[in-house]
Every structure is written in C-alpha cells, then in structure tokens.
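K.L.:
This is the content of target_31.cif (mmCIF, C-alpha atoms):
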```
data_protein
loop_
_atom_site.group_PDB
_atom_site.id
_atom_site.type_symbol
_atom_site.label_atom_id
_atom_site.label_comp_id
_atom_site.auth_asym_id
_atom_site.auth_seq_id
_atom_site.Cartn_x
_atom_site.Cartn_y
_atom_site.Cartn_z
ATOM 1 C CA MET A 1 21.839 98.380 -164.730
ATOM 2 C CA THR A 2 21.857 94.613 -164.694
ATOM 3 C CA GLN A 3 19.661 92.687 -162.302
ATOM 4 C CA SER A 4 21.618 90.337 -160.057
ATOM 5 C CA GLN A 5 20.208 87.689 -157.749
ATOM 6 C CA ASN A 6 23.586 86.991 -156.098
ATOM 7 C CA ILE A 7 23.655 89.878 -153.634
ATOM 8 C CA GLN A 8 25.942 89.556 -150.620
ATOM 9 C CA TYR A 9 24.063 90.199 -147.368
ATOM 10 C CA ARG A 10 25.188 90.664 -143.761
ATOM 11 C CA LYS A 11 23.760 88.622 -140.904
ATOM 12 C CA ASP A 12 21.348 91.455 -140.055
ATOM 13 C CA GLY A 13 19.869 91.360 -143.582
ATOM 14 C CA SER A 14 21.433 94.552 -144.944
ATOM 15 C CA ILE A 15 23.595 94.587 -148.070
ATOM 16 C CA ASP A 16 27.247 93.848 -147.279
ATOM 17 C CA THR A 17 28.815 97.103 -148.476
ATOM 18 C CA THR A 18 32.219 96.132 -147.042
ATOM 19 C CA HIS A 19 32.322 93.177 -149.421
ATOM 20 C CA TYR A 20 31.528 95.356 -152.430
ATOM 21 C CA ILE A 21 34.020 98.066 -151.427
ATOM 22 C CA ALA A 22 36.774 95.435 -151.097
ATOM 23 C CA HIS A 23 35.792 93.890 -154.431
ATOM 24 C CA GLY A 24 35.861 97.289 -156.138
ATOM 25 C CA ARG A 25 39.309 98.030 -154.717
ATOM 26 C CA TYR A 26 40.537 94.662 -155.963
ATOM 27 C CA LEU A 27 39.221 95.342 -159.475
ATOM 28 C CA ARG A 28 40.703 98.852 -159.521
ATOM 29 C CA SER A 29 44.094 97.516 -158.394
ATOM 30 C CA LYS A 30 43.960 94.787 -161.015
ATOM 31 C CA ALA A 31 43.212 97.356 -163.732
ATOM 32 C CA ALA A 32 46.041 99.626 -162.549
ATOM 33 C CA HIS A 33 48.506 96.741 -162.599
ATOM 34 C CA LYS A 34 47.368 95.828 -166.102
ATOM 35 C CA LEU A 35 47.929 99.423 -167.274
ATOM 36 C CA MET A 36 51.396 99.527 -165.715
ATOM 37 C CA GLN A 37 52.391 96.358 -167.565
ATOM 38 C CA LYS A 38 51.544 98.022 -170.874
ATOM 39 C CA ARG A 39 53.511 101.188 -170.010
ATOM 40 C CA PRO A 40 56.857 101.472 -171.781
ATOM 41 C CA ASN A 41 59.845 101.482 -169.462
ATOM 42 C CA LEU A 42 61.000 105.104 -169.380
ATOM 43 C CA GLY A 43 63.735 104.451 -166.868
ATOM 44 C CA ARG A 44 64.624 106.913 -164.164
ATOM 45 C CA GLY A 45 65.651 109.741 -166.488
ATOM 46 C CA PRO A 46 62.678 112.121 -166.158
ATOM 47 C CA LEU A 47 62.270 111.469 -162.431
ATOM 48 C CA LEU A 48 65.984 112.009 -161.804
ATOM 49 C CA ILE A 49 65.881 115.356 -163.616
ATOM 50 C CA VAL A 50 62.932 116.587 -161.521
ATOM 51 C CA VAL A 51 64.567 115.482 -158.261
ATOM 52 C CA ALA A 52 67.850 117.154 -159.230
ATOM 53 C CA MET A 53 66.059 120.421 -160.068
ATOM 54 C CA LEU A 54 64.229 120.385 -156.732
ATOM 55 C CA ALA A 55 67.483 119.702 -154.871
ATOM 56 C CA VAL A 56 69.215 122.690 -156.491
ATOM 57 C CA LEU A 57 66.258 125.071 -156.094
ATOM 58 C CA PRO A 58 67.127 126.271 -152.523
ATOM 59 C CA PHE A 59 70.466 127.641 -153.776
ATOM 60 C CA PHE A 60 68.840 130.168 -156.101
ATOM 61 C CA PRO A 61 67.658 133.457 -154.608
ATOM 62 C CA VAL A 62 64.054 134.386 -155.182
#
```
Please rewrite the model in this file as structure tokens.
P.N.:
Amino acid sequence: MTQSQNIQYRKDGSIDTTHYIAHGRYLRSKAAHKLMQKRPNLGRGPLLIVVAMLAVLPFFPV
C-alpha cells in the first residue's frame, strides 16, 4: 500500500470516509463508462428476442 500524506479529514479529526466513498463511486462510474464506449454496438436484437420470449411465455401451459 502506498503512503499518502494528503488524507482528507473531517472537522472532528476522523478520516472523511464520505469523501473516499464518493471518490470511489466516481472512479467506478468512469471505468464503467469507458468500458461501455469500447463495447461494440449489438443493437436491440438480443434484448428484443428475450423480451418477446418472456411476453409469449404466459400463453404456454406448464
């Protein structure tokens, strides 16, 4: 683990966990957006097929 001197503290002297949680969420969102940009556009084909199959399912007896 790297040693950091730039730790965010609250007014009461404890470590500001809210700041680090928000920063982690930002980084995770940024990474997810980056992955989605690299994803090939598959269109709505596979999703449409699944939705259509689920819509027809109640008409078949079990």
K.L.:
From the list A:Ala52, A:Leu47, A:Met36, A:Ile7, which residue is nearest His19 of chain A when using only C-alpha atoms?
P.N.:
A:Ile7
K.L.:
Pick the closest to Ile21 of chain A from A:His33, A:Gln8, A:Val50, A:Pro40: which is it, counting all atoms listed in the file?
P.N.:
A:Gln8
K.L.:
Atom CA of Leu35 of chain A to atom CA of Thr17 of chain A: how many Å, to one decimal?
P.N.:
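Pair atom CA of Leu35 of chain A / atom CA of Thr17 of chain A returns 26.9 Å.
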K.L.:
Please compute the atom CA of Phe60 of chain A-atom CA of Leu48 of chain A distance, one decimal, in Å.
P.N.:
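Result for atom CA of Phe60 of chain A versus atom CA of Leu48 of chain A: 19.2 Å, one decimal.
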K.L.:
Using only C-alpha atoms, give me every residue within 12 Å of (29.1, 92.5, -151.1) in file coordinates, as a PyMOL selection string.
P.N.:
chain A and resi 4+6-10+13-24
K.L.:
Quick check, in Å to one decimal: how far apart do atom CA of Val56 of chain A and atom CA of Arg44 of chain A lie?
P.N.:
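Atom CA of Arg44 of chain A lies at a distance of 18.1 Å from atom CA of Val56 of chain A.
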